[in-house]
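What follows is a single structure, written as structure tokens, with notes after it.
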Amino acid sequence: MATFRKIGILTSGGDAPGMNAAIRAVARAALSRGIEVYAIREGYKGLIEDDMKLYSSPRDVSNIINLSGTVLYTARCDEFKYPEGMAKALETCREREIDGIIAIGGDGTFRGATDLSAHGIPTIGIPGTIDNDVTSTDVTIGFDTAMNTAMNMIDHLRDTCESHARCNVVEVMGRWAGHIALRTGIASGATIVAIPEIPFDEDAAIAKIIKQKNEGKRSFIVVVSEGLVGYAEKLAKTIQEKTGVETKFARLAHIQRGGKPTLQDRLLASEMGAAAVHYLLEGMSDIVIRKVDGKIGYINIKKALTVDRMFKGKLTDEERAALSPEDKVWMETRCNAVLGDMKRLYAIANEIS
Ligand code: F6P
């Protein structure tokens with residue numbers, strides 16, 4: 001087993017509720033084994049600029065499990081993608097005697113983690129993003145809280161829509177992924193849900209609103225993923241024109257990134273944080289923690305990034321041809337499972353709205 005005396009922890013990319021619970025879990029799991037933890041500020045930028053403090057007691061992470069945002073702060077750091085940035089980061093690791101790093105974030109964070117691993121610093125990623133767009137895991141930290149926040153905000157919109165006999169088209173986050181929109185749409189009783197992964201039939205959506213209006217329905221909620229760039233606002237205008245229902249547009253935006261983390265997110269973050277330390281101490285590197293079918297495990301970072309690209313249809317023919325037969329089968333099976341689940345939920349959304 002590898003020997004560790006000091007490890008680093010950082011959060012990078014967009015913040016997500018539950019990141020603090022993961023920081024706490026990593027710090028305490030390490031400290032309980034006599035390993036000190038450098039709390040690196042603002043992600044890879046802090047590693048380059050040697051901006052960090054030492055957690056030497058479990059009390060250093062007291063009372064953060066319930067806080068949103070990230071106490072380590074975060075940044076998207078371009079400099080880290082270049083050799084000069086990496087060289088500075090490695091120098092910091094040498095000077096501070098950092099034996100390994102745990103990096104919490106999304107795909108950009110994992111690219112940084114795999115680079116660090118390749119340069120001899122064992123690094124493990126923890127998926128922390130509200131978007132749930134890490135294909136190799138069922139859930140990411142922050143997803144549950146963001147969905148609950150969106151659902152609660154949509155409940156507010158529903159109240160006023162019903163009073164005024166209006167429609168509200170709500171754009172929710174998710175970057176290119178429709179996971180937040182799909183689940184939030186169902187949980188909010190939306191009449192229409194539109195996401196990038198499944199073709200959207202606008203005429204059918206309009207016909208549905210007209211039919212339900214004629215049957216006496218007063219208010220309508222339409223949830224659209226931001227991944228359909230610019231479409232939500234356009235759809236609001238079309239609905240008003242074609243159905244005669246006064247239609248408002250709301251972009252929930254960054255409100256979805258804040259707020260107290262839910263129990264699910266705190267639990268997931270605690271499980272993943274502890275697991276990351278265990279795997280690091282077992283000598284693992286260049287992996288992302290994942291949760292599939294209720295079980296915590298891990299996957300190689302390059303595989304995780306490749307299956308993401310496959311899911312988004314971004315894999316080139318050459319990249320596909322370079323995959324081993326086992327990886328190809330595994331990745332295709334995983335993509336089909338994720339898309340299959342989205343189609344199943346989408347069918348339910350349509351059936352019960
Ligand atoms: O990845 C999280 C996320 O909130 C996405 O849903 C959104 O598209 C993006 O980040 C917004 O990024 P920024 O905070 O840099 O505006």
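Residues in the structure tokens are named by chain (A, B, ... in the order shown) and by number from 1 within that chain; ligands are numbered from 1 in the order shown.
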
Within 12 Å of ligand 1 (counting only C-alpha atoms and all ligand atoms), which residues show up? I'd like them as a JSON list (two decimals) with all heavy atoms, in the first residue's frame.
[["chain", "number", "residue", "atom", "x", "y", "z"],
["A", 12, "SER", "N", -13.34, 22.49, -8.36],
["A", 12, "SER", "CA", -13.04, 23.22, -9.59],
["A", 12, "SER", "C", -14.27, 23.22, -10.50],
["A", 12, "SER", "O", -15.16, 22.38, -10.36],
["A", 12, "SER", "CB", -11.84, 22.51, -10.24],
["A", 12, "SER", "OG", -11.76, 22.73, -11.59],
["A", 13, "GLY", "N", -14.35, 24.18, -11.40],
["A", 13, "GLY", "CA", -15.52, 24.30, -12.27],
["A", 13, "GLY", "C", -16.69, 24.91, -11.52],
["A", 13, "GLY", "O", -16.52, 25.56, -10.48],
["A", 14, "GLY", "N", -17.92, 24.70, -12.03],
["A", 14, "GLY", "CA", -19.11, 25.26, -11.38],
["A", 14, "GLY", "C", -19.31, 24.65, -10.00],
["A", 14, "GLY", "O", -19.13, 23.45, -9.82],
["A", 15, "ASP", "N", -19.67, 25.49, -9.03],
["A", 15, "ASP", "CA", -19.91, 24.92, -7.70],
["A", 15, "ASP", "C", -21.22, 24.11, -7.70],
["A", 15, "ASP", "O", -22.04, 24.26, -8.61],
["A", 15, "ASP", "CB", -19.93, 26.02, -6.61],
["A", 15, "ASP", "CG", -21.03, 27.04, -6.81],
["A", 15, "ASP", "OD1", -21.73, 27.01, -7.85],
["A", 15, "ASP", "OD2", -21.21, 27.90, -5.93],
["A", 16, "ALA", "N", -21.36, 23.26, -6.69],
["A", 16, "ALA", "CA", -22.56, 22.43, -6.61],
["A", 16, "ALA", "C", -22.86, 22.18, -5.14],
["A", 16, "ALA", "O", -21.93, 21.90, -4.36],
["A", 16, "ALA", "CB", -22.35, 21.10, -7.34],
["A", 17, "PRO", "N", -24.14, 22.27, -4.74],
["A", 17, "PRO", "CA", -24.48, 22.02, -3.33],
["A", 17, "PRO", "C", -24.06, 20.60, -2.95],
["A", 17, "PRO", "O", -24.35, 19.64, -3.67],
["A", 17, "PRO", "CB", -26.01, 22.15, -3.30],
["A", 17, "PRO", "CG", -26.37, 22.92, -4.55],
["A", 17, "PRO", "CD", -25.32, 22.58, -5.56],
["A", 69, "GLY", "N", -22.40, 26.16, -1.94],
["A", 69, "GLY", "CA", -21.18, 26.74, -2.49],
["A", 69, "GLY", "C", -20.01, 25.84, -2.16],
["A", 69, "GLY", "O", -20.19, 24.64, -1.90],
["A", 74, "THR", "N", -13.89, 28.25, -6.03],
["A", 74, "THR", "CA", -13.68, 27.51, -7.27],
["A", 74, "THR", "C", -13.32, 28.45, -8.40],
["A", 74, "THR", "O", -13.53, 29.68, -8.30],
["A", 74, "THR", "CB", -14.93, 26.67, -7.62],
["A", 74, "THR", "OG1", -14.65, 25.86, -8.76],
["A", 74, "THR", "CG2", -16.15, 27.53, -7.90],
["A", 75, "ALA", "N", -12.77, 27.89, -9.45],
["A", 75, "ALA", "CA", -12.43, 28.70, -10.63],
["A", 75, "ALA", "C", -12.28, 27.76, -11.81],
["A", 75, "ALA", "O", -12.09, 26.55, -11.63],
["A", 75, "ALA", "CB", -11.10, 29.43, -10.39],
["A", 76, "ARG", "N", -12.42, 28.32, -13.02],
["A", 76, "ARG", "CA", -12.09, 27.54, -14.21],
["A", 76, "ARG", "C", -10.73, 28.06, -14.67],
["A", 76, "ARG", "O", -10.60, 29.25, -14.96],
["A", 76, "ARG", "CB", -13.18, 27.72, -15.29],
["A", 76, "ARG", "CG", -14.52, 27.15, -14.83],
["A", 76, "ARG", "CD", -15.56, 27.10, -15.93],
["A", 76, "ARG", "NE", -16.68, 26.25, -15.53],
["A", 76, "ARG", "CZ", -17.89, 26.69, -15.18],
["A", 76, "ARG", "NH1", -18.14, 27.97, -15.19],
["A", 76, "ARG", "NH2", -18.84, 25.84, -14.82],
["A", 77, "CYS", "N", -9.74, 27.19, -14.68],
["A", 77, "CYS", "CA", -8.35, 27.66, -14.83],
["A", 77, "CYS", "C", -7.74, 27.21, -16.16],
["A", 77, "CYS", "O", -7.39, 26.04, -16.34],
["A", 77, "CYS", "CB", -7.53, 27.11, -13.67],
["A", 77, "CYS", "SG", -5.80, 27.58, -13.73],
["A", 105, "GLY", "N", -15.47, 18.02, -9.00],
["A", 105, "GLY", "CA", -15.98, 18.87, -10.08],
["A", 105, "GLY", "C", -16.57, 18.03, -11.20],
["A", 105, "GLY", "O", -16.97, 16.89, -10.99],
["A", 106, "GLY", "N", -16.58, 18.62, -12.40],
["A", 106, "GLY", "CA", -17.15, 17.92, -13.56],
["A", 106, "GLY", "C", -16.06, 17.52, -14.55],
["A", 106, "GLY", "O", -14.91, 17.33, -14.16],
["A", 107, "ASP", "N", -16.42, 17.45, -15.83],
["A", 107, "ASP", "CA", -15.47, 16.89, -16.80],
["A", 107, "ASP", "C", -14.17, 17.70, -16.94],
["A", 107, "ASP", "O", -13.10, 17.12, -17.10],
["A", 107, "ASP", "CB", -16.14, 16.62, -18.16],
["A", 107, "ASP", "CG", -16.86, 17.84, -18.71],
["A", 107, "ASP", "OD1", -16.83, 18.90, -18.06],
["A", 107, "ASP", "OD2", -17.44, 17.72, -19.81],
["A", 108, "GLY", "N", -14.25, 19.03, -16.84],
["A", 108, "GLY", "CA", -13.04, 19.86, -16.92],
["A", 108, "GLY", "C", -12.10, 19.52, -15.77],
["A", 108, "GLY", "O", -10.88, 19.42, -15.93],
["A", 109, "THR", "N", -12.68, 19.32, -14.60],
["A", 109, "THR", "CA", -11.90, 18.96, -13.41],
["A", 109, "THR", "C", -11.22, 17.61, -13.62],
["A", 109, "THR", "O", -10.06, 17.41, -13.24],
["A", 109, "THR", "CB", -12.86, 18.86, -12.20],
["A", 109, "THR", "OG1", -13.60, 20.07, -12.13],
["A", 109, "THR", "CG2", -12.10, 18.63, -10.91],
["A", 127, "PRO", "N", -17.35, 13.31, -8.73],
["A", 127, "PRO", "CA", -18.26, 14.08, -9.59],
["A", 127, "PRO", "C", -19.16, 15.04, -8.80],
["A", 127, "PRO", "O", -20.08, 14.62, -8.11],
["A", 127, "PRO", "CB", -19.09, 12.99, -10.29],
["A", 127, "PRO", "CG", -19.01, 11.81, -9.41],
["A", 127, "PRO", "CD", -17.74, 11.91, -8.62],
["A", 128, "GLY", "N", -18.86, 16.31, -8.92],
["A", 128, "GLY", "CA", -19.65, 17.35, -8.26],
["A", 128, "GLY", "C", -20.13, 18.33, -9.30],
["A", 128, "GLY", "O", -19.35, 19.17, -9.77],
["A", 129, "THR", "N", -21.34, 18.20, -9.74],
["A", 129, "THR", "CA", -21.94, 19.12, -10.71],
["A", 129, "THR", "C", -23.45, 18.96, -10.66],
["A", 129, "THR", "O", -23.95, 17.83, -10.56],
["A", 129, "THR", "CB", -21.45, 18.87, -12.16],
["A", 129, "THR", "OG1", -22.35, 19.53, -13.07],
["A", 129, "THR", "CG2", -21.41, 17.40, -12.53],
["A", 130, "ILE", "N", -24.15, 20.08, -10.73],
["A", 130, "ILE", "CA", -25.61, 19.98, -10.69],
["A", 130, "ILE", "C", -26.16, 19.31, -11.95],
["A", 130, "ILE", "O", -27.29, 18.83, -11.95],
["A", 130, "ILE", "CB", -26.29, 21.37, -10.51],
["A", 130, "ILE", "CG1", -26.04, 22.28, -11.73],
["A", 130, "ILE", "CG2", -25.88, 22.02, -9.21],
["A", 130, "ILE", "CD1", -26.98, 23.48, -11.79],
["A", 131, "ASP", "N", -25.36, 19.26, -13.03],
["A", 131, "ASP", "CA", -25.89, 18.84, -14.33],
["A", 131, "ASP", "C", -26.13, 17.33, -14.45],
["A", 131, "ASP", "O", -26.85, 16.90, -15.35],
["A", 131, "ASP", "CB", -24.92, 19.26, -15.45],
["A", 131, "ASP", "CG", -24.66, 20.75, -15.46],
["A", 131, "ASP", "OD1", -25.55, 21.50, -15.02],
["A", 131, "ASP", "OD2", -23.57, 21.16, -15.90],
["A", 132, "ASN", "N", -25.50, 16.54, -13.60],
["A", 132, "ASN", "CA", -25.57, 15.07, -13.68],
["A", 132, "ASN", "C", -25.12, 14.57, -15.05],
["A", 132, "ASN", "O", -25.59, 13.54, -15.52],
["A", 132, "ASN", "CB", -26.98, 14.56, -13.37],
["A", 132, "ASN", "CG", -26.97, 13.13, -12.85],
["A", 132, "ASN", "OD1", -26.13, 12.77, -12.04],
["A", 132, "ASN", "ND2", -27.88, 12.30, -13.34],
["A", 133, "ASP", "N", -24.19, 15.28, -15.66],
["A", 133, "ASP", "CA", -23.79, 14.93, -17.02],
["A", 133, "ASP", "C", -22.52, 14.08, -17.06],
["A", 133, "ASP", "O", -21.75, 14.14, -18.01],
["A", 133, "ASP", "CB", -23.63, 16.20, -17.87],
["A", 133, "ASP", "CG", -22.61, 17.16, -17.29],
["A", 133, "ASP", "OD1", -22.16, 16.95, -16.14],
["A", 133, "ASP", "OD2", -22.25, 18.14, -17.97],
["A", 134, "VAL", "N", -22.29, 13.32, -16.01],
["A", 134, "VAL", "CA", -21.17, 12.38, -15.99],
["A", 134, "VAL", "C", -21.78, 11.00, -16.23],
["A", 134, "VAL", "O", -22.38, 10.40, -15.35],
["A", 134, "VAL", "CB", -20.39, 12.45, -14.64],
["A", 134, "VAL", "CG1", -19.22, 11.48, -14.64],
["A", 134, "VAL", "CG2", -19.93, 13.89, -14.37],
["A", 140, "THR", "N", -24.58, 12.68, -9.58],
["A", 140, "THR", "CA", -23.46, 13.55, -9.21],
["A", 140, "THR", "C", -23.88, 14.41, -8.02],
["A", 140, "THR", "O", -25.09, 14.65, -7.81],
["A", 140, "THR", "CB", -23.08, 14.49, -10.39],
["A", 140, "THR", "OG1", -24.26, 15.26, -10.74],
["A", 140, "THR", "CG2", -22.62, 13.72, -11.60],
["A", 141, "ILE", "N", -22.90, 14.88, -7.29],
["A", 141, "ILE", "CA", -23.18, 15.72, -6.11],
["A", 141, "ILE", "C", -23.76, 17.07, -6.58],
["A", 141, "ILE", "O", -23.17, 17.72, -7.44],
["A", 141, "ILE", "CB", -21.89, 15.93, -5.30],
["A", 141, "ILE", "CG1", -21.36, 14.59, -4.77],
["A", 141, "ILE", "CG2", -22.11, 16.93, -4.16],
["A", 141, "ILE", "CD1", -19.92, 14.66, -4.25],
["A", 142, "GLY", "N", -24.88, 17.45, -6.02],
["A", 142, "GLY", "CA", -25.50, 18.73, -6.35],
["A", 142, "GLY", "C", -26.74, 18.60, -7.21],
["A", 142, "GLY", "O", -27.59, 19.50, -7.25],
["A", 143, "PHE", "N", -26.86, 17.47, -7.89],
["A", 143, "PHE", "CA", -27.98, 17.25, -8.81],
["A", 143, "PHE", "C", -29.31, 17.27, -8.06],
["A", 143, "PHE", "O", -30.26, 17.95, -8.45],
["A", 143, "PHE", "CB", -27.75, 15.90, -9.50],
["A", 143, "PHE", "CG", -28.80, 15.45, -10.47],
["A", 143, "PHE", "CD1", -29.31, 16.30, -11.43],
["A", 143, "PHE", "CD2", -29.26, 14.14, -10.45],
["A", 143, "PHE", "CE1", -30.26, 15.86, -12.35],
["A", 143, "PHE", "CE2", -30.20, 13.69, -11.36],
["A", 143, "PHE", "CZ", -30.71, 14.55, -12.30],
["A", 146, "ALA", "N", -30.23, 20.79, -6.79],
["A", 146, "ALA", "CA", -30.61, 21.69, -7.89],
["A", 146, "ALA", "C", -32.02, 21.37, -8.39],
["A", 146, "ALA", "O", -32.82, 22.27, -8.66],
["A", 146, "ALA", "CB", -29.60, 21.57, -9.04],
["A", 147, "MET", "N", -32.32, 20.08, -8.47],
["A", 147, "MET", "CA", -33.67, 19.70, -8.94],
["A", 147, "MET", "C", -34.73, 20.15, -7.94],
["A", 147, "MET", "O", -35.80, 20.62, -8.33],
["A", 147, "MET", "CB", -33.76, 18.19, -9.13],
["A", 147, "MET", "CG", -33.01, 17.71, -10.35],
["A", 147, "MET", "SD", -33.38, 16.00, -10.72],
["A", 147, "MET", "CE", -32.74, 15.15, -9.30],
["A", 150, "ALA", "N", -35.18, 23.87, -8.32],
["A", 150, "ALA", "CA", -35.95, 24.19, -9.53],
["A", 150, "ALA", "C", -37.42, 23.85, -9.32],
["A", 150, "ALA", "O", -38.32, 24.63, -9.67],
["A", 150, "ALA", "CB", -35.37, 23.43, -10.72],
["A", 171, "GLU", "N", -36.84, 27.86, -18.18],
["A", 171, "GLU", "CA", -35.58, 27.26, -18.64],
["A", 171, "GLU", "C", -34.75, 26.88, -17.41],
["A", 171, "GLU", "O", -34.50, 27.70, -16.54],
["A", 171, "GLU", "CB", -34.79, 28.25, -19.49],
["A", 171, "GLU", "CG", -33.51, 27.63, -20.05],
["A", 171, "GLU", "CD", -32.60, 28.66, -20.69],
["A", 171, "GLU", "OE1", -32.79, 28.96, -21.87],
["A", 171, "GLU", "OE2", -31.71, 29.19, -19.97],
["A", 172, "VAL", "N", -34.36, 25.61, -17.36],
["A", 172, "VAL", "CA", -33.53, 25.15, -16.24],
["A", 172, "VAL", "C", -32.13, 24.81, -16.74],
["A", 172, "VAL", "O", -31.92, 24.57, -17.92],
["A", 172, "VAL", "CB", -34.16, 23.92, -15.52],
["A", 172, "VAL", "CG1", -35.50, 24.27, -14.91],
["A", 172, "VAL", "CG2", -34.28, 22.72, -16.45],
["A", 173, "MET", "N", -31.18, 24.75, -15.80],
["A", 173, "MET", "CA", -29.78, 24.48, -16.16],
["A", 173, "MET", "C", -29.56, 23.01, -16.51],
["A", 173, "MET", "O", -30.49, 22.21, -16.50],
["A", 173, "MET", "CB", -28.87, 24.90, -15.01],
["A", 173, "MET", "CG", -28.49, 26.35, -15.04],
["A", 173, "MET", "SD", -27.20, 26.68, -13.81],
["A", 173, "MET", "CE", -26.73, 28.34, -14.27],
["A", 174, "GLY", "N", -28.33, 22.69, -16.77],
["A", 174, "GLY", "CA", -27.95, 21.32, -17.11],
["A", 174, "GLY", "C", -26.87, 21.29, -18.18],
["A", 174, "GLY", "O", -26.49, 20.24, -18.66],
["A", 175, "ARG", "N", -26.42, 22.47, -18.56],
["A", 175, "ARG", "CA", -25.47, 22.63, -19.68],
["A", 175, "ARG", "C", -26.03, 21.93, -20.92],
["A", 175, "ARG", "O", -27.12, 22.27, -21.34],
["A", 175, "ARG", "CB", -24.08, 22.10, -19.31],
["A", 175, "ARG", "CG", -23.00, 22.77, -20.12],
["A", 175, "ARG", "CD", -21.63, 22.34, -19.68],
["A", 175, "ARG", "NE", -21.22, 22.93, -18.42],
["A", 175, "ARG", "CZ", -20.62, 24.12, -18.32],
["A", 175, "ARG", "NH1", -20.36, 24.82, -19.40],
["A", 175, "ARG", "NH2", -20.27, 24.61, -17.16],
["A", 176, "TRP", "N", -25.40, 20.88, -21.44],
["A", 176, "TRP", "CA", -25.93, 20.22, -22.65],
["A", 176, "TRP", "C", -26.86, 19.07, -22.31],
["A", 176, "TRP", "O", -27.39, 18.41, -23.19],
["A", 176, "TRP", "CB", -24.77, 19.71, -23.54],
["A", 176, "TRP", "CG", -23.83, 20.81, -23.88],
["A", 176, "TRP", "CD1", -22.56, 20.97, -23.44],
["A", 176, "TRP", "CD2", -24.10, 21.96, -24.69],
["A", 176, "TRP", "NE1", -22.02, 22.14, -23.92],
["A", 176, "TRP", "CE2", -22.96, 22.76, -24.70],
["A", 176, "TRP", "CE3", -25.23, 22.38, -25.42],
["A", 176, "TRP", "CZ2", -22.87, 23.96, -25.41],
["A", 176, "TRP", "CZ3", -25.14, 23.58, -26.12],
["A", 176, "TRP", "CH2", -23.98, 24.35, -26.11],
["A", 177, "ALA", "N", -27.05, 18.81, -21.02],
["A", 177, "ALA", "CA", -27.81, 17.62, -20.60],
["A", 177, "ALA", "C", -29.20, 17.98, -20.10],
["A", 177, "ALA", "O", -29.39, 19.00, -19.44],
["A", 177, "ALA", "CB", -27.03, 16.89, -19.51],
["A", 178, "GLY", "N", -30.16, 17.10, -20.37],
["A", 178, "GLY", "CA", -31.55, 17.38, -20.00],
["A", 178, "GLY", "C", -31.99, 16.72, -18.70],
["A", 178, "GLY", "O", -33.19, 16.68, -18.41],
["A", 179, "HIS", "N", -31.03, 16.22, -17.90],
["A", 179, "HIS", "CA", -31.43, 15.46, -16.70],
["A", 179, "HIS", "C", -32.25, 16.32, -15.72],
["A", 179, "HIS", "O", -33.25, 15.86, -15.17],
["A", 179, "HIS", "CB", -30.20, 14.91, -15.98],
["A", 179, "HIS", "CG", -29.38, 13.98, -16.83],
["A", 179, "HIS", "ND1", -29.81, 12.75, -17.22],
["A", 179, "HIS", "CD2", -28.15, 14.15, -17.39],
["A", 179, "HIS", "CE1", -28.89, 12.17, -17.96],
["A", 179, "HIS", "NE2", -27.88, 13.00, -18.08],
["A", 180, "ILE", "N", -31.79, 17.54, -15.47],
["A", 180, "ILE", "CA", -32.52, 18.39, -14.51],
["A", 180, "ILE", "C", -33.91, 18.69, -15.06],
["A", 180, "ILE", "O", -34.92, 18.56, -14.35],
["A", 180, "ILE", "CB", -31.76, 19.72, -14.23],
["A", 180, "ILE", "CG1", -30.43, 19.44, -13.53],
["A", 180, "ILE", "CG2", -32.62, 20.67, -13.39],
["A", 180, "ILE", "CD1", -29.60, 20.68, -13.24],
["A", 181, "ALA", "N", -33.98, 19.06, -16.34],
["A", 181, "ALA", "CA", -35.27, 19.42, -16.94],
["A", 181, "ALA", "C", -36.25, 18.26, -16.89],
["A", 181, "ALA", "O", -37.43, 18.42, -16.54],
["A", 181, "ALA", "CB", -35.07, 19.88, -18.38],
["A", 225, "SER", "N", -34.85, 22.54, -21.17],
["A", 225, "SER", "CA", -33.45, 22.49, -20.78],
["A", 225, "SER", "C", -32.65, 23.59, -21.49],
["A", 225, "SER", "O", -32.86, 23.84, -22.68],
["A", 225, "SER", "CB", -32.88, 21.13, -21.17],
["A", 225, "SER", "OG", -31.48, 21.17, -21.17],
["A", 226, "GLU", "N", -31.69, 24.18, -20.76],
["A", 226, "GLU", "CA", -30.85, 25.23, -21.39],
["A", 226, "GLU", "C", -29.99, 24.66, -22.51],
["A", 226, "GLU", "O", -29.47, 25.40, -23.34],
["A", 226, "GLU", "CB", -29.95, 25.89, -20.34],
["A", 226, "GLU", "CG", -28.85, 24.97, -19.82],
["A", 226, "GLU", "CD", -27.78, 25.69, -19.00],
["A", 226, "GLU", "OE1", -27.74, 26.92, -18.97],
["A", 226, "GLU", "OE2", -26.98, 24.97, -18.37],
["A", 227, "GLY", "N", -29.87, 23.31, -22.53],
["A", 227, "GLY", "CA", -29.10, 22.66, -23.60],
["A", 227, "GLY", "C", -29.70, 22.92, -24.97],
["A", 227, "GLY", "O", -29.01, 22.84, -25.99],
["A", 228, "LEU", "N", -31.02, 23.23, -25.02],
["A", 228, "LEU", "CA", -31.65, 23.63, -26.29],
["A", 228, "LEU", "C", -31.47, 25.15, -26.39],
["A", 228, "LEU", "O", -32.40, 25.93, -26.17],
["A", 228, "LEU", "CB", -33.14, 23.25, -26.29],
["A", 228, "LEU", "CG", -33.42, 21.74, -26.25],
["A", 228, "LEU", "CD1", -34.88, 21.46, -25.94],
["A", 228, "LEU", "CD2", -33.02, 21.08, -27.56],
["A", 229, "VAL", "N", -30.29, 25.55, -26.71],
["A", 229, "VAL", "CA", -29.87, 26.95, -26.54],
["A", 229, "VAL", "C", -30.84, 27.95, -27.19],
["A", 229, "VAL", "O", -31.10, 27.89, -28.39],
["A", 229, "VAL", "CB", -28.45, 27.15, -27.10],
["A", 229, "VAL", "CG1", -27.96, 28.56, -26.87],
["A", 229, "VAL", "CG2", -27.50, 26.14, -26.48],
["A", 251, "ARG", "N", -36.05, 32.25, -16.67],
["A", 251, "ARG", "CA", -34.79, 31.48, -16.68],
["A", 251, "ARG", "C", -34.34, 31.38, -15.22],
["A", 251, "ARG", "O", -34.04, 32.39, -14.59],
["A", 251, "ARG", "CB", -33.75, 32.23, -17.52],
["A", 251, "ARG", "CG", -32.39, 31.56, -17.54],
["A", 251, "ARG", "CD", -31.45, 32.23, -18.53],
["A", 251, "ARG", "NE", -31.84, 31.97, -19.91],
["A", 251, "ARG", "CZ", -32.00, 32.90, -20.84],
["A", 251, "ARG", "NH1", -31.80, 34.17, -20.56],
["A", 251, "ARG", "NH2", -32.37, 32.57, -22.07],
["A", 252, "LEU", "N", -34.29, 30.16, -14.71],
["A", 252, "LEU", "CA", -33.96, 30.01, -13.28],
["A", 252, "LEU", "C", -32.48, 30.26, -13.02],
["A", 252, "LEU", "O", -32.10, 30.67, -11.93],
["A", 252, "LEU", "CB", -34.37, 28.63, -12.76],
["A", 252, "LEU", "CG", -35.87, 28.34, -12.79],
["A", 252, "LEU", "CD1", -36.16, 27.02, -12.08],
["A", 252, "LEU", "CD2", -36.70, 29.45, -12.15],
["A", 253, "ALA", "N", -31.64, 29.97, -14.00],
["A", 253, "ALA", "CA", -30.21, 30.30, -13.94],
["A", 253, "ALA", "C", -29.54, 29.88, -12.64],
["A", 253, "ALA", "O", -29.83, 28.83, -12.09],
["A", 253, "ALA", "CB", -30.02, 31.79, -14.24],
["A", 254, "HIS", "N", -28.66, 30.75, -12.11],
["A", 254, "HIS", "CA", -27.76, 30.33, -11.02],
["A", 254, "HIS", "C", -28.44, 30.11, -9.68],
["A", 254, "HIS", "O", -27.81, 29.60, -8.75],
["A", 254, "HIS", "CB", -26.62, 31.34, -10.88],
["A", 254, "HIS", "CG", -25.69, 31.29, -12.05],
["A", 254, "HIS", "ND1", -25.98, 31.91, -13.24],
["A", 254, "HIS", "CD2", -24.52, 30.64, -12.24],
["A", 254, "HIS", "CE1", -25.00, 31.68, -14.11],
["A", 254, "HIS", "NE2", -24.11, 30.91, -13.53],
["A", 255, "ILE", "N", -29.70, 30.48, -9.57],
["A", 255, "ILE", "CA", -30.42, 30.19, -8.33],
["A", 255, "ILE", "C", -30.37, 28.68, -8.05],
["A", 255, "ILE", "O", -30.38, 28.23, -6.91],
["A", 255, "ILE", "CB", -31.86, 30.72, -8.41],
["A", 255, "ILE", "CG1", -32.44, 30.91, -7.02],
["A", 255, "ILE", "CG2", -32.79, 29.83, -9.23],
["A", 255, "ILE", "CD1", -33.59, 31.88, -6.97],
["A", 256, "GLN", "N", -30.27, 27.89, -9.15],
["A", 256, "GLN", "CA", -30.23, 26.42, -9.01],
["A", 256, "GLN", "C", -28.92, 25.92, -8.43],
["A", 256, "GLN", "O", -28.80, 24.76, -8.07],
["A", 256, "GLN", "CB", -30.43, 25.78, -10.39],
["A", 256, "GLN", "CG", -31.78, 26.04, -10.97],
["A", 256, "GLN", "CD", -31.81, 25.86, -12.48],
["A", 256, "GLN", "OE1", -32.24, 24.83, -12.97],
["A", 256, "GLN", "NE2", -31.36, 26.87, -13.21],
["A", 257, "ARG", "N", -27.91, 26.78, -8.38],
["A", 257, "ARG", "CA", -26.61, 26.31, -7.89],
["A", 257, "ARG", "C", -26.44, 26.51, -6.39],
["A", 257, "ARG", "O", -25.48, 25.99, -5.80],
["A", 257, "ARG", "CB", -25.50, 27.04, -8.65],
["A", 257, "ARG", "CG", -25.37, 26.62, -10.09],
["A", 257, "ARG", "CD", -24.06, 25.91, -10.36],
["A", 257, "ARG", "NE", -22.94, 26.79, -10.22],
["A", 257, "ARG", "CZ", -22.38, 27.47, -11.22],
["A", 257, "ARG", "NH1", -22.84, 27.33, -12.45],
["A", 257, "ARG", "NH2", -21.35, 28.24, -11.02],
["A", 258, "GLY", "N", -27.35, 27.30, -5.78],
["A", 258, "GLY", "CA", -27.18, 27.57, -4.35],
["A", 258, "GLY", "C", -28.17, 26.80, -3.51],
["A", 258, "GLY", "O", -28.80, 25.85, -3.97]]

> So which bits of stretch 173-292 of chain A end up helix (DSSP H, G or I) when you DSSP the backbone, as number ranges by chain?
Replying inline: A: 179-187, 202-214, 231-243, 253-257, 263-281

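If you measure from each of A:Leu90, A:Ala322, A:Met19, A:Ala275 to A:Pro122 using only C-alpha atoms, the closest one turns out to be A:Leu90.
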
> Which of these residues is nearest to A:Arg218, using only C-alpha atoms: A:Ile348, A:Met310, A:Glu36, A:His164?
Replying inline: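 Of A:Ile348, A:Met310, A:Glu36, A:His164, the one nearest A:Arg218, counting only C-alpha atoms, is A:His164.
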
>> At a cut-off of 9 Å, using only C-alpha atoms, what residues contact A:Thr243? Leave out same-chain residues fewer than 6 positions from it and give the result as a ChimeraX atom specification.
In response: /A:206-207,209-210,213

Would you write out, as a tab-separated table, a table of all residues in stretch 45-87 of chain A that have an atom no more than 12 Å from an atom of stretch 93-103 of chain A, listing for each the closest atom pair and the distance in Å to one decimal, considering only C-alpha atoms and ordering rows by chain and rising residue number?
residue	atom	partner	partner_atom	distance
A:Gly46	CA	A:Cys93	CA	11.2
A:Leu47	CA	A:Cys93	CA	7.7
A:Ile48	CA	A:Cys93	CA	9.3
A:Glu49	CA	A:Cys93	CA	11.0
A:Asp50	CA	A:Cys93	CA	8.7
A:Asp51	CA	A:Arg96	CA	11.1
A:Met52	CA	A:Arg96	CA	9.9
A:Lys53	CA	A:Arg96	CA	10.6
A:Leu54	CA	A:Arg96	CA	10.1
A:Leu72	CA	A:Ala103	CA	11.3
A:Thr74	CA	A:Ala103	CA	11.1
A:Met86	CA	A:Cys93	CA	10.5
A:Ala87	CA	A:Cys93	CA	9.9

> Within 10 Å of A:Arg33, counting only C-alpha atoms, which residues qualify if same-chain residues fewer than 4 places away don't, as a list in words?
Replying inline: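 Surrounding residues, per the criterion: Phe4, Arg5, Arg28, Ala29, Val277 and Leu281 of chain A.
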